[in-house]
>>> print(open('entry39.cif').read())   # mmCIF, C-alpha atoms and all ligand atoms
data_final
#
loop_
_atom_site.label_atom_id
_atom_site.label_comp_id
_atom_site.auth_asym_id
_atom_site.auth_seq_id
_atom_site.Cartn_x
_atom_site.Cartn_y
_atom_site.Cartn_z
CA MET I 1 124.57 -171.08 58.22
CA LYS I 2 128.13 -172.14 59.01
CA SER I 3 130.51 -169.27 59.56
CA TYR I 4 133.07 -168.55 56.86
CA ASN I 5 136.44 -170.22 57.38
CA PRO I 6 138.97 -169.35 54.66
CA TYR I 7 141.15 -172.35 55.44
CA ASP I 8 138.20 -174.70 54.84
CA ASN I 9 137.69 -172.84 51.56
CA PHE I 10 141.30 -173.61 50.65
CA LEU I 11 141.02 -177.29 51.60
CA GLU I 12 137.83 -177.75 49.60
CA THR I 13 139.45 -176.20 46.52
CA VAL I 14 142.52 -178.44 46.83
CA GLU I 15 140.37 -181.57 47.21
CA ALA I 16 138.39 -180.60 44.11
CA ALA I 17 141.55 -180.08 42.04
CA ALA I 18 143.08 -183.35 43.28
CA ALA I 19 139.87 -185.19 42.37
CA ILE I 20 139.97 -183.91 38.77
CA LEU I 21 143.64 -184.92 38.51
CA GLU I 22 142.83 -188.29 40.11
CA MET I 23 145.86 -187.63 42.29
CA PRO I 24 146.53 -190.30 44.94
CA LYS I 25 145.92 -188.96 48.47
CA ASN I 26 149.51 -189.67 49.53
CA ASP I 27 150.78 -187.20 46.94
CA TYR I 28 149.05 -184.19 48.46
CA GLU I 29 148.14 -185.13 52.04
CA ALA I 30 150.97 -183.05 53.58
CA ILE I 31 149.98 -179.93 51.59
CA LYS I 32 146.75 -179.77 53.58
CA TYR I 33 148.64 -178.87 56.77
CA PRO I 34 150.79 -175.77 57.41
CA GLU I 35 154.34 -176.80 58.33
CA ARG I 36 154.65 -174.32 61.21
CA GLU I 37 152.38 -171.87 63.04
CA LEU I 38 153.78 -169.29 65.43
CA LYS I 39 151.63 -167.10 67.65
CA VAL I 40 153.24 -164.21 69.50
CA ALA I 41 152.12 -161.62 72.06
CA ILE I 42 153.63 -158.24 71.21
CA PRO I 43 153.89 -155.72 74.06
CA VAL I 44 154.15 -152.12 72.89
CA GLU I 45 154.81 -149.07 75.01
CA MET I 46 152.25 -146.53 73.77
CA ASP I 47 153.04 -142.83 73.54
CA ASP I 48 151.05 -142.13 76.74
CA GLY I 49 153.08 -144.66 78.73
CA ARG I 50 150.49 -147.46 78.77
CA VAL I 51 151.55 -150.95 77.71
CA LYS I 52 149.30 -152.60 75.12
CA VAL I 53 149.69 -156.18 73.97
CA PHE I 54 148.88 -157.14 70.36
CA GLU I 55 148.50 -160.64 68.97
CA GLY I 56 150.68 -161.62 66.03
CA TYR I 57 151.23 -164.66 63.85
CA ARG I 58 153.59 -166.11 61.28
CA VAL I 59 152.48 -169.24 59.47
CA GLN I 60 154.79 -171.21 57.20
CA HIS I 61 152.55 -173.30 55.02
CA SER I 62 155.09 -175.02 52.79
CA SER I 63 158.80 -174.93 52.04
CA SER I 64 158.81 -177.83 49.58
CA ARG I 65 159.72 -175.68 46.57
CA GLY I 66 161.92 -173.12 48.35
CA PRO I 67 161.88 -170.63 51.22
CA CYS I 68 158.47 -169.60 52.53
CA LYS I 69 157.28 -166.33 51.01
CA GLY I 70 154.41 -164.03 51.82
CA GLY I 71 153.27 -160.74 53.24
CA ILE I 72 152.51 -159.37 56.67
CA ARG I 73 149.05 -157.93 57.27
CA TYR I 74 148.06 -155.43 59.95
CA HIS I 75 144.31 -155.69 60.51
CA PRO I 76 142.07 -155.71 63.59
CA ASP I 77 140.10 -158.79 62.43
CA VAL I 78 142.91 -161.25 61.70
CA ASP I 79 142.74 -164.75 63.15
CA ILE I 80 144.76 -167.90 62.77
CA ASP I 81 142.49 -169.53 60.16
CA GLU I 82 142.81 -166.46 57.97
CA VAL I 83 146.61 -166.40 58.27
CA LYS I 84 146.76 -170.15 57.54
CA ALA I 85 144.65 -169.65 54.41
CA LEU I 86 146.70 -166.66 53.26
CA ALA I 87 149.91 -168.69 53.76
CA ALA I 88 148.51 -171.66 51.84
CA TRP I 89 147.37 -169.42 48.97
CA MET I 90 150.96 -168.09 48.80
CA THR I 91 152.24 -171.67 48.37
CA PHE I 92 149.87 -172.21 45.45
CA LYS I 93 150.51 -168.74 44.00
CA CYS I 94 154.29 -169.26 43.91
CA ALA I 95 153.79 -172.72 42.41
CA VAL I 96 151.41 -171.55 39.68
CA VAL I 97 153.81 -168.85 38.46
CA ASN I 98 156.69 -171.29 39.01
CA ILE I 99 158.99 -169.19 41.18
CA PRO I 100 161.20 -171.12 43.64
CA TYR I 101 159.29 -170.40 46.84
CA GLY I 102 156.89 -172.03 49.23
CA GLY I 103 154.28 -170.00 51.07
CA GLY I 104 153.95 -168.15 54.36
CA LYS I 105 152.05 -165.26 55.83
CA GLY I 106 152.17 -163.07 58.91
CA ALA I 107 149.67 -160.84 60.62
CA VAL I 108 149.19 -158.59 63.61
CA GLY I 109 145.76 -157.88 65.05
CA VAL I 110 145.88 -154.11 65.00
CA ASP I 111 144.32 -151.13 63.26
CA PRO I 112 147.43 -149.15 62.33
CA ALA I 113 145.35 -146.01 61.71
CA LEU I 114 144.92 -145.81 65.49
CA LEU I 115 148.68 -145.84 66.19
CA SER I 116 151.18 -143.01 66.00
CA LYS I 117 154.13 -143.52 63.69
CA ASN I 118 156.42 -144.25 66.63
CA GLU I 119 153.97 -146.77 68.08
CA LEU I 120 153.75 -148.46 64.68
CA LYS I 121 157.53 -148.58 64.47
CA ARG I 122 157.88 -150.09 67.96
CA LEU I 123 155.16 -152.64 67.18
CA THR I 124 156.88 -153.62 63.93
CA ARG I 125 160.31 -153.93 65.51
CA ARG I 126 159.03 -156.02 68.43
CA TYR I 127 156.98 -158.26 66.11
CA THR I 128 160.08 -158.74 63.92
CA ALA I 129 162.15 -159.66 66.97
CA MET I 130 159.53 -162.22 68.00
CA ILE I 131 159.31 -163.95 64.61
CA LEU I 132 163.07 -163.62 64.07
CA PRO I 133 163.86 -167.32 64.61
CA LEU I 134 161.61 -168.16 61.63
CA ILE I 135 162.58 -165.55 59.05
CA GLY I 136 165.67 -165.06 56.88
CA PRO I 137 166.56 -164.89 53.17
CA GLU I 138 166.93 -168.68 52.95
CA LYS I 139 164.01 -169.49 55.25
CA ASP I 140 161.03 -167.18 55.09
CA ILE I 141 160.82 -163.77 53.43
CA PRO I 142 158.04 -161.35 54.45
CA ALA I 143 156.62 -158.56 52.25
CA PRO I 144 153.83 -155.97 52.39
CA ASP I 145 150.15 -156.91 52.50
CA ILE I 146 147.03 -155.05 53.70
CA ASN I 147 147.96 -151.97 55.79
CA THR I 148 151.71 -152.56 55.57
CA ASN I 149 154.08 -150.77 53.18
CA ALA I 150 157.66 -150.15 52.09
CA GLU I 151 158.49 -148.09 55.17
CA ILE I 152 157.41 -150.92 57.49
CA MET I 153 159.47 -153.39 55.42
CA GLY I 154 162.46 -151.08 55.91
CA TRP I 155 162.02 -151.28 59.70
CA ILE I 156 161.81 -155.07 59.49
CA MET I 157 165.01 -155.20 57.43
CA ASP I 158 166.79 -152.92 59.90
CA THR I 159 165.62 -154.85 62.98
CA TYR I 160 166.69 -158.19 61.51
CA SER I 161 170.03 -156.72 60.43
CA MET I 162 170.70 -155.29 63.91
CA PHE I 163 170.29 -158.77 65.41
CA LYS I 164 172.58 -160.31 62.81
CA GLY I 165 175.21 -157.60 63.11
CA TYR I 166 175.30 -156.94 59.34
CA THR I 167 172.88 -155.67 56.69
CA VAL I 168 170.61 -158.37 55.25
CA PRO I 169 168.50 -156.81 52.45
CA GLY I 170 167.13 -160.18 51.28
CA VAL I 171 165.20 -160.88 54.51
CA VAL I 172 162.21 -158.90 53.29
CA THR I 173 160.85 -157.61 49.96
CA GLY I 174 158.83 -154.54 49.10
CA LYS I 175 161.47 -152.37 50.81
CA PRO I 176 162.18 -148.76 49.83
CA VAL I 177 164.35 -148.69 46.70
CA GLY I 178 167.08 -146.80 48.59
CA ILE I 179 167.85 -149.83 50.79
CA GLY I 180 167.60 -152.62 48.23
CA GLY I 181 163.98 -152.52 47.16
CA SER I 182 163.19 -153.16 43.50
CA VAL I 183 161.87 -150.57 41.11
CA GLY I 184 158.42 -151.65 39.97
CA ARG I 185 157.63 -153.63 43.13
CA SER I 186 155.01 -151.32 44.61
CA ALA I 187 152.95 -151.28 41.40
CA ALA I 188 153.60 -154.94 40.55
CA THR I 189 150.40 -156.54 41.89
CA GLY I 190 148.25 -153.94 40.11
CA ARG I 191 150.33 -154.34 36.96
CA GLY I 192 149.81 -158.11 37.07
CA VAL I 193 146.05 -157.56 37.44
CA MET I 194 146.11 -155.26 34.39
CA LEU I 195 148.11 -157.77 32.29
CA ILE I 196 145.78 -160.61 33.26
CA THR I 197 142.66 -158.54 32.55
CA LYS I 198 143.90 -157.68 29.06
CA GLU I 199 144.84 -161.30 28.40
CA ILE I 200 141.49 -162.74 29.46
CA LEU I 201 139.60 -160.17 27.38
CA HIS I 202 141.82 -161.03 24.45
CA ARG I 203 141.07 -164.77 24.87
CA MET I 204 137.36 -164.07 24.97
CA GLY I 205 137.46 -161.87 21.90
CA THR I 206 136.39 -158.77 23.85
CA PRO I 207 138.15 -155.52 22.93
CA VAL I 208 140.01 -153.83 25.79
CA TYR I 209 139.16 -150.31 24.68
CA ASP I 210 136.02 -148.90 26.33
CA THR I 211 135.21 -152.18 28.11
CA THR I 212 133.73 -151.31 31.49
CA VAL I 213 135.31 -152.33 34.78
CA ALA I 214 134.44 -152.00 38.47
CA VAL I 215 137.25 -152.07 41.02
CA GLN I 216 136.62 -152.84 44.69
CA GLY I 217 139.51 -151.38 46.69
CA ALA I 218 141.74 -148.41 45.94
CA GLY I 219 144.89 -149.43 47.79
CA ASN I 220 148.10 -150.87 46.49
CA VAL I 221 146.28 -153.45 44.34
CA GLY I 222 142.95 -151.85 43.34
CA GLY I 223 144.29 -148.30 43.05
CA VAL I 224 147.20 -149.23 40.82
CA ALA I 225 145.04 -151.61 38.76
CA ALA I 226 142.40 -148.90 38.25
CA ARG I 227 145.05 -146.45 37.02
CA LEU I 228 146.68 -148.95 34.68
CA LEU I 229 143.38 -150.28 33.29
CA HIS I 230 142.31 -146.69 32.67
CA ASN I 231 145.63 -146.03 30.88
CA GLU I 232 144.97 -149.09 28.68
CA GLY I 233 141.70 -147.53 27.51
CA MET I 234 139.27 -149.41 29.73
CA LYS I 235 136.35 -147.50 31.20
CA VAL I 236 136.50 -147.71 35.01
CA ILE I 237 132.88 -147.01 35.96
CA ALA I 238 133.01 -147.90 39.67
CA LEU I 239 135.66 -147.69 42.37
CA SER I 240 135.53 -148.08 46.14
CA ASP I 241 137.75 -147.76 49.20
CA VAL I 242 137.10 -148.53 52.89
CA SER I 243 134.89 -145.42 53.16
CA GLY I 244 132.53 -146.10 50.22
CA GLY I 245 132.25 -146.19 46.45
CA VAL I 246 131.72 -143.93 43.45
CA PHE I 247 130.02 -144.71 40.12
CA ASN I 248 129.63 -143.09 36.72
CA LYS I 249 128.41 -145.22 33.84
CA ARG I 250 130.28 -143.03 31.36
CA GLY I 251 133.56 -143.68 33.20
CA LEU I 252 135.28 -142.13 36.23
CA ASP I 253 138.18 -139.70 36.06
CA ILE I 254 140.57 -142.23 37.56
CA PRO I 255 143.81 -140.18 37.50
CA LYS I 256 142.10 -137.37 39.40
CA ILE I 257 140.39 -139.67 41.90
CA MET I 258 143.54 -141.70 42.51
CA ASP I 259 145.66 -138.57 43.02
CA PHE I 260 143.15 -137.58 45.71
CA ILE I 261 143.30 -141.03 47.37
CA ASP I 262 147.08 -141.31 47.10
CA ALA I 263 147.33 -137.94 48.88
CA GLY I 264 145.50 -139.54 51.84
CA GLY I 265 141.88 -138.76 50.94
CA PHE I 266 138.85 -141.03 51.39
CA LEU I 267 136.29 -141.52 48.62
CA LYS I 268 133.40 -140.49 50.87
CA ASP I 269 134.97 -137.00 50.95
CA TYR I 270 135.63 -136.82 47.21
CA GLU I 271 133.53 -134.16 45.53
CA ASN I 272 135.36 -133.32 42.36
CA GLY I 273 133.45 -134.31 39.20
CA GLU I 274 130.43 -136.22 38.04
CA PHE I 275 129.49 -139.44 39.81
CA GLU I 276 127.10 -140.93 42.34
CA TYR I 277 128.01 -142.55 45.65
CA ILE I 278 127.31 -146.29 45.81
CA SER I 279 127.41 -149.00 48.47
CA ASN I 280 129.80 -151.95 48.50
CA GLU I 281 127.05 -154.28 47.25
CA GLU I 282 126.12 -151.86 44.48
CA LEU I 283 129.73 -151.80 43.37
CA LEU I 284 130.01 -155.61 43.26
CA THR I 285 126.72 -156.01 41.38
CA CYS I 286 126.96 -153.03 38.99
CA GLU I 287 126.73 -153.27 35.17
CA ALA I 288 130.50 -153.42 34.55
CA HIS I 289 131.72 -156.15 32.18
CA VAL I 290 134.76 -156.86 34.37
CA LEU I 291 134.78 -156.90 38.17
CA VAL I 292 138.10 -156.61 40.02
CA PRO I 293 137.63 -157.38 43.72
CA ALA I 294 140.85 -155.99 45.22
CA ALA I 295 140.05 -155.63 48.93
CA MET I 296 139.51 -158.45 51.43
CA GLU I 297 138.46 -162.12 51.50
CA ASN I 298 134.84 -163.26 51.52
CA GLN I 299 133.36 -160.43 49.44
CA ILE I 300 131.63 -162.36 46.66
CA THR I 301 129.34 -164.57 48.71
CA ALA I 302 126.61 -166.83 47.27
CA GLU I 303 124.09 -164.06 47.81
CA ILE I 304 126.18 -161.48 45.91
CA ALA I 305 127.09 -163.99 43.19
CA LYS I 306 123.42 -164.46 42.27
CA LYS I 307 123.05 -160.72 41.67
CA LEU I 308 126.30 -160.23 39.79
CA LYS I 309 126.18 -158.76 36.28
CA ALA I 310 129.88 -158.87 35.39
CA LYS I 311 130.96 -161.44 32.80
CA VAL I 312 134.56 -161.63 33.99
CA ILE I 313 136.03 -161.48 37.50
CA VAL I 314 139.75 -160.85 37.99
CA GLU I 315 140.59 -161.55 41.64
CA GLY I 316 143.02 -158.85 42.77
CA ALA I 317 142.44 -159.71 46.43
CA ASN I 318 143.29 -163.01 48.07
CA GLY I 319 140.23 -165.23 48.51
CA PRO I 320 137.49 -162.71 47.59
CA THR I 321 135.10 -165.44 46.32
CA THR I 322 133.62 -168.16 48.56
CA VAL I 323 133.45 -171.78 47.37
CA GLU I 324 129.64 -171.58 47.22
CA ALA I 325 129.77 -168.37 45.16
CA ASP I 326 132.32 -169.92 42.84
CA LYS I 327 129.90 -172.72 41.93
CA ILE I 328 127.08 -170.25 41.28
CA LEU I 329 129.31 -168.08 39.08
CA ASN I 330 130.42 -171.11 37.13
CA ASP I 331 126.79 -172.10 36.47
CA MET I 332 126.08 -168.51 35.40
CA GLY I 333 128.93 -168.72 32.88
CA VAL I 334 131.02 -166.02 34.58
CA ILE I 335 134.76 -166.41 33.97
CA VAL I 336 136.75 -166.10 37.19
CA VAL I 337 140.49 -165.56 36.94
CA PRO I 338 141.61 -166.86 40.34
CA ASP I 339 143.60 -164.87 42.90
CA ILE I 340 146.62 -167.17 42.85
CA LEU I 341 147.16 -166.20 39.21
CA ALA I 342 145.53 -162.77 38.96
CA ASN I 343 147.36 -161.16 41.88
CA ALA I 344 150.68 -163.00 41.56
CA GLY I 345 152.44 -159.97 40.03
CA GLY I 346 153.42 -158.73 43.49
CA VAL I 347 155.21 -161.85 44.60
CA VAL I 348 156.84 -162.25 41.19
CA VAL I 349 158.52 -158.86 41.54
CA SER I 350 159.27 -159.70 45.19
CA TYR I 351 161.19 -162.64 43.78
CA PHE I 352 163.10 -160.27 41.45
CA GLU I 353 163.89 -158.06 44.43
CA TRP I 354 165.25 -161.00 46.44
CA VAL I 355 167.26 -162.19 43.43
CA GLN I 356 168.78 -158.70 43.08
CA ASN I 357 169.53 -158.61 46.84
CA ILE I 358 171.32 -161.94 47.02
CA GLN I 359 173.34 -161.14 43.90
CA SER I 360 173.95 -157.48 44.87
CA LEU I 361 172.59 -156.40 41.49
CA THR I 362 170.00 -153.86 40.39
CA TRP I 363 167.56 -154.21 37.53
CA ASP I 364 165.91 -151.30 35.72
CA PHE I 365 162.16 -150.76 35.19
CA ASP I 366 162.26 -152.20 31.73
CA GLU I 367 163.86 -155.45 32.84
CA VAL I 368 161.47 -155.80 35.82
CA ASN I 369 158.31 -155.15 33.81
CA ARG I 370 159.38 -157.22 30.80
CA THR I 371 160.28 -160.24 32.95
CA LEU I 372 157.09 -159.85 34.99
CA GLU I 373 154.99 -159.92 31.83
CA LYS I 374 156.82 -162.98 30.54
CA ILE I 375 156.22 -164.95 33.75
CA ILE I 376 152.58 -163.85 34.16
CA ILE I 377 151.62 -164.66 30.57
CA ARG I 378 153.43 -167.99 30.67
CA ALA I 379 151.49 -168.90 33.84
CA PHE I 380 148.24 -167.70 32.24
CA ASN I 381 148.84 -169.99 29.26
CA GLU I 382 149.61 -173.00 31.45
CA VAL I 383 146.43 -172.43 33.47
CA TRP I 384 144.38 -171.88 30.31
CA ASP I 385 145.69 -175.09 28.74
CA LYS I 386 145.09 -177.12 31.91
CA MET I 387 141.54 -175.76 32.13
CA HIS I 388 140.83 -176.87 28.56
CA GLU I 389 142.58 -180.22 28.95
CA LYS I 390 140.45 -181.07 31.98
CA LYS I 391 137.32 -179.20 30.79
CA SER I 392 137.20 -177.29 34.03
CA THR I 393 137.40 -173.72 35.38
CA MET I 394 140.36 -171.33 35.49
CA ARG I 395 140.49 -171.72 39.29
CA MET I 396 140.72 -175.48 38.95
CA GLY I 397 143.26 -175.07 36.15
CA ALA I 398 145.45 -172.92 38.40
CA TYR I 399 145.13 -175.25 41.39
CA MET I 400 145.91 -178.26 39.21
CA VAL I 401 149.05 -176.68 37.74
CA ALA I 402 150.21 -175.70 41.25
CA LEU I 403 149.25 -178.99 42.88
CA GLU I 404 151.16 -181.02 40.29
CA ARG I 405 154.31 -178.91 40.91
CA LEU I 406 153.92 -179.25 44.68
CA ALA I 407 153.28 -182.99 44.57
CA ASP I 408 156.24 -183.38 42.25
CA ALA I 409 158.58 -181.52 44.62
CA LYS I 410 157.40 -183.63 47.57
CA LYS I 411 157.88 -186.82 45.58
CA ILE I 412 161.40 -185.91 44.45
CA ARG I 413 162.48 -184.86 47.94
CA GLY I 414 160.75 -187.74 49.76
CA ILE I 415 159.58 -187.65 53.34
CA PHE I 416 162.21 -187.17 56.06
CA PRO I 417 163.39 -189.30 57.82
N1 LIG E 501 151.11 -159.85 50.01
C1 LIG E 501 151.26 -160.11 48.63
C2 LIG E 501 150.44 -161.30 48.20
O1 LIG E 501 149.47 -161.65 48.85
C3 LIG E 501 152.73 -160.21 48.19
C4 LIG E 501 153.53 -161.25 48.87
C5 LIG E 501 155.03 -161.18 48.57
O2 LIG E 501 155.44 -160.36 47.77
O3 LIG E 501 155.75 -161.97 49.17
O4 LIG E 501 150.66 -161.88 47.19
#
>>> encode(input="entry39.cif", output="structure tokens", more="lines below")
Ligand code: GLU
Amino acid sequence: MKSYNPYDNFLETVEAAAAILEMPKNDYEAIKYPERELKVAIPVEMDDGRVKVFEGYRVQHSSSRGPCKGGIRYHPDVDIDEVKALAAWMTFKCAVVNIPYGGGKGAVGVDPALLSKNELKRLTRRYTAMILPLIGPEKDIPAPDINTNAEIMGWIMDTYSMFKGYTVPGVVTGKPVGIGGSVGRSAATGRGVMLITKEILHRMGTPVYDTTVAVQGAGNVGGVAARLLHNEGMKVIALSDVSGGVFNKRGLDIPKIMDFIDAGGFLKDYENGEFEYISNEELLTCEAHVLVPAAMENQITAEIAKKLKAKVIVEGANGPTTVEADKILNDMGVIVVPDILANAGGVVVSYFEWVQNIQSLTWDFDEVNRTLEKIIIRAFNEVWDKMHEKKSTMRMGAYMVALERLADAKKIRGIFP
């Protein structure tokens, strides 16, 4: 069996969408290659005096439609193909929701749980210094991703600003609100997942109330989505984090569980209430009507897909479903709302944050959430219509909408020189 390469997954999906559109090769050839790839070695002085060197990356996939945009991930398993795929997915995500950005992504090969706060800060500052020639509010704007957060974004903003000699809030999004972050940003990806879940249920004639859902991941995406879906009246029957999963077919007490996790707890240690512990595979294949994979790539493999019981998948994570699994799910009649639409809420509110920064304005919660909903539902409709027009899947619909916008931008700009 060939090993999983997320960038190959991306390329295959693009080729499939281009084929349906009968798009000439010249129109999308460039989109298959990241514009720039930077690899850096990051020396960090550890608290005990040793020097450790970490590998880092920043990939700029496309700047055709605007500055590159995308998060920074801290994870021990990152490699260049993963960062390239994550950057490319950002390009398509920004295009499908029609915000004026291209796509980029950064990563450092590190498990931040093994670092002290000061080590993490030194690592972040040195990494920022090393990618500094690439980033900037008009060039490439990082944001949080797996294992990075508002505090880390604050350090990036400060480091960049120190080099410039003045404060540049718009260099990064997902910052603390006190230094130019936007209200509503930290919950935005989960909020987008909730809006999309309600919309797809609505389109399928399924009531939201009491419909069962399983959420893989209890971090910034899964955790927030679980809370919001619960608030909307859905029955969250399964939830997992890195330590394991919990299940109760009558519904979990999500506010209680999430308060425990948000206070730093792990699900394997949770004991409060009625539920059974389940494995990752049991979570993915449980009886829930809706499955929200909101953890890592490559979770719904062909093998898992065959055992899946959910009728609807809303991809909170980036790239959770392999190309092979996608085909199986399609044959099984499972509706998959693709990542580039389902989890776009985060980058949409990142865009609002950047807009506020460059205009020195602040928006309130109501304005952020209202505008987010407008953009997400508009994108949903465009994807839905494209899917019907071409008699295809939602993933293909999303890729087609994005690909047409990207090809259009390339055509209008032309190829330099
Ligand atoms: N890391 C998030 C994503 O994958 C957000 C990116 C951003 O806000 O720039 O969509």
>>> closest_residue(input="entry39.cif", among="I:Ile72, I:Ile80, I:Ile254, I:Ala95", to="I:Ala226", atoms="all atoms listed in the file")
I:Ile254
>>> atom_distance(input="entry39.cif", atom1="atom CA of I:Gly136", atom2="atom CA of I:Ser161")
10.1 Å
>>> residues_near_ligand(input="entry39.cif", ligand="ligand LIG 501 (chain E)", cutoff="9 Å", atoms="only C-alpha atoms and all ligand atoms", output="number ranges by chain")
I: 68-73, 86-87, 89-90, 93-94, 103-105, 141-146, 172-174, 185, 189, 317-318, 339-340, 343-351
>>> atom_distance(input="entry39.cif", atom1="atom CA of I:Gln359", atom2="atom CA of I:Arg413")
26.4 Å
>>> atom_distance(input="entry39.cif", atom1="atom CA of I:Val213", atom2="atom CA of I:Val368")
26.4 Å
>>> closest_residue(input="entry39.cif", among="I:Ile278, I:Leu120, I:Met258, I:Ile412", to="I:Arg227", atoms="all atoms listed in the file")
I:Met258
>>> residues_around(input="entry39.cif", residues="stretch 240-245 of chain I", least_positions_apart="6", cutoff="12 Å", atoms="only C-alpha atoms", output="PyMOL selection string")
chain I and resi 146-147+214-223+226+252+254+257-258+261-262+264-270+275-284+286+291-296
>>> write_last_selection(input="entry39.cif", atoms="C-alpha atoms", output="PDB file, keeping the file's coordinate frame")
ATOM      1  CA  ILE I 146     147.030-155.050  53.700  1.00  0.00           C
ATOM      2  CA  ASN I 147     147.960-151.970  55.790  1.00  0.00           C
ATOM      3  CA  ALA I 214     134.440-152.000  38.470  1.00  0.00           C
ATOM      4  CA  VAL I 215     137.250-152.070  41.020  1.00  0.00           C
ATOM      5  CA  GLN I 216     136.620-152.840  44.690  1.00  0.00           C
ATOM      6  CA  GLY I 217     139.510-151.380  46.690  1.00  0.00           C
ATOM      7  CA  ALA I 218     141.740-148.410  45.940  1.00  0.00           C
ATOM      8  CA  GLY I 219     144.890-149.430  47.790  1.00  0.00           C
ATOM      9  CA  ASN I 220     148.100-150.870  46.490  1.00  0.00           C
ATOM     10  CA  VAL I 221     146.280-153.450  44.340  1.00  0.00           C
ATOM     11  CA  GLY I 222     142.950-151.850  43.340  1.00  0.00           C
ATOM     12  CA  GLY I 223     144.290-148.300  43.050  1.00  0.00           C
ATOM     13  CA  ALA I 226     142.400-148.900  38.250  1.00  0.00           C
ATOM     14  CA  LEU I 252     135.280-142.130  36.230  1.00  0.00           C
ATOM     15  CA  ILE I 254     140.570-142.230  37.560  1.00  0.00           C
ATOM     16  CA  ILE I 257     140.390-139.670  41.900  1.00  0.00           C
ATOM     17  CA  MET I 258     143.540-141.700  42.510  1.00  0.00           C
ATOM     18  CA  ILE I 261     143.300-141.030  47.370  1.00  0.00           C
ATOM     19  CA  ASP I 262     147.080-141.310  47.100  1.00  0.00           C
ATOM     20  CA  GLY I 264     145.500-139.540  51.840  1.00  0.00           C
ATOM     21  CA  GLY I 265     141.880-138.760  50.940  1.00  0.00           C
ATOM     22  CA  PHE I 266     138.850-141.030  51.390  1.00  0.00           C
ATOM     23  CA  LEU I 267     136.290-141.520  48.620  1.00  0.00           C
ATOM     24  CA  LYS I 268     133.400-140.490  50.870  1.00  0.00           C
ATOM     25  CA  ASP I 269     134.970-137.000  50.950  1.00  0.00           C
ATOM     26  CA  TYR I 270     135.630-136.820  47.210  1.00  0.00           C
ATOM     27  CA  PHE I 275     129.490-139.440  39.810  1.00  0.00           C
ATOM     28  CA  GLU I 276     127.100-140.930  42.340  1.00  0.00           C
ATOM     29  CA  TYR I 277     128.010-142.550  45.650  1.00  0.00           C
ATOM     30  CA  ILE I 278     127.310-146.290  45.810  1.00  0.00           C
ATOM     31  CA  SER I 279     127.410-149.000  48.470  1.00  0.00           C
ATOM     32  CA  ASN I 280     129.800-151.950  48.500  1.00  0.00           C
ATOM     33  CA  GLU I 281     127.050-154.280  47.250  1.00  0.00           C
ATOM     34  CA  GLU I 282     126.120-151.860  44.480  1.00  0.00           C
ATOM     35  CA  LEU I 283     129.730-151.800  43.370  1.00  0.00           C
ATOM     36  CA  LEU I 284     130.010-155.610  43.260  1.00  0.00           C
ATOM     37  CA  CYS I 286     126.960-153.030  38.990  1.00  0.00           C
ATOM     38  CA  LEU I 291     134.780-156.900  38.170  1.00  0.00           C
ATOM     39  CA  VAL I 292     138.100-156.610  40.020  1.00  0.00           C
ATOM     40  CA  PRO I 293     137.630-157.380  43.720  1.00  0.00           C
ATOM     41  CA  ALA I 294     140.850-155.990  45.220  1.00  0.00           C
ATOM     42  CA  ALA I 295     140.050-155.630  48.930  1.00  0.00           C
ATOM     43  CA  MET I 296     139.510-158.450  51.430  1.00  0.00           C
TER      44      MET I 296
END
>>> closest_atom_pairs(input="entry39.cif", of="stretch 228-330 of chain I", to="stretch 382-400 of chain I", cutoff="12 Å", atoms="only C-alpha atoms", output="Markdown table")
| residue | atom | partner | partner_atom | distance |
| --- | --- | --- | --- | --- |
| I:Val312 | CA | I:Met394 | CA | 11.4 |
| I:Ile313 | CA | I:Met394 | CA | 10.9 |
| I:Val314 | CA | I:Met394 | CA | 10.8 |
| I:Glu315 | CA | I:Arg395 | CA | 10.4 |
| I:Gly319 | CA | I:Arg395 | CA | 11.3 |
| I:Thr321 | CA | I:Arg395 | CA | 10.9 |
| I:Val323 | CA | I:Arg395 | CA | 10.7 |
| I:Asp326 | CA | I:Arg395 | CA | 9.1 |
| I:Lys327 | CA | I:Thr393 | CA | 10.0 |
| I:Leu329 | CA | I:Thr393 | CA | 10.5 |
| I:Asn330 | CA | I:Thr393 | CA | 7.7 |
>>> residues_around(input="entry39.cif", residues="stretch 234-237 of chain I", least_positions_apart="2", cutoff="6 Å", atoms="all atoms listed in the file", output="list in words")
Val208, Tyr209, Asp210, Thr211, Thr212, Val213, Ala214, Leu229, His230, Glu232, Phe247, Asn248, Lys249, Gly251 and Leu252 of chain I
>>> write_last_selection(input="entry39.cif", atoms="C-alpha atoms", output="PDB file, in the coordinates of the input")
ATOM      1  CA  VAL I 208     140.010-153.830  25.790  1.00  0.00           C
ATOM      2  CA  TYR I 209     139.160-150.310  24.680  1.00  0.00           C
ATOM      3  CA  ASP I 210     136.020-148.900  26.330  1.00  0.00           C
ATOM      4  CA  THR I 211     135.210-152.180  28.110  1.00  0.00           C
ATOM      5  CA  THR I 212     133.730-151.310  31.490  1.00  0.00           C
ATOM      6  CA  VAL I 213     135.310-152.330  34.780  1.00  0.00           C
ATOM      7  CA  ALA I 214     134.440-152.000  38.470  1.00  0.00           C
ATOM      8  CA  LEU I 229     143.380-150.280  33.290  1.00  0.00           C
ATOM      9  CA  HIS I 230     142.310-146.690  32.670  1.00  0.00           C
ATOM     10  CA  GLU I 232     144.970-149.090  28.680  1.00  0.00           C
ATOM     11  CA  PHE I 247     130.020-144.710  40.120  1.00  0.00           C
ATOM     12  CA  ASN I 248     129.630-143.090  36.720  1.00  0.00           C
ATOM     13  CA  LYS I 249     128.410-145.220  33.840  1.00  0.00           C
ATOM     14  CA  GLY I 251     133.560-143.680  33.200  1.00  0.00           C
ATOM     15  CA  LEU I 252     135.280-142.130  36.230  1.00  0.00           C
TER      16      LEU I 252
END
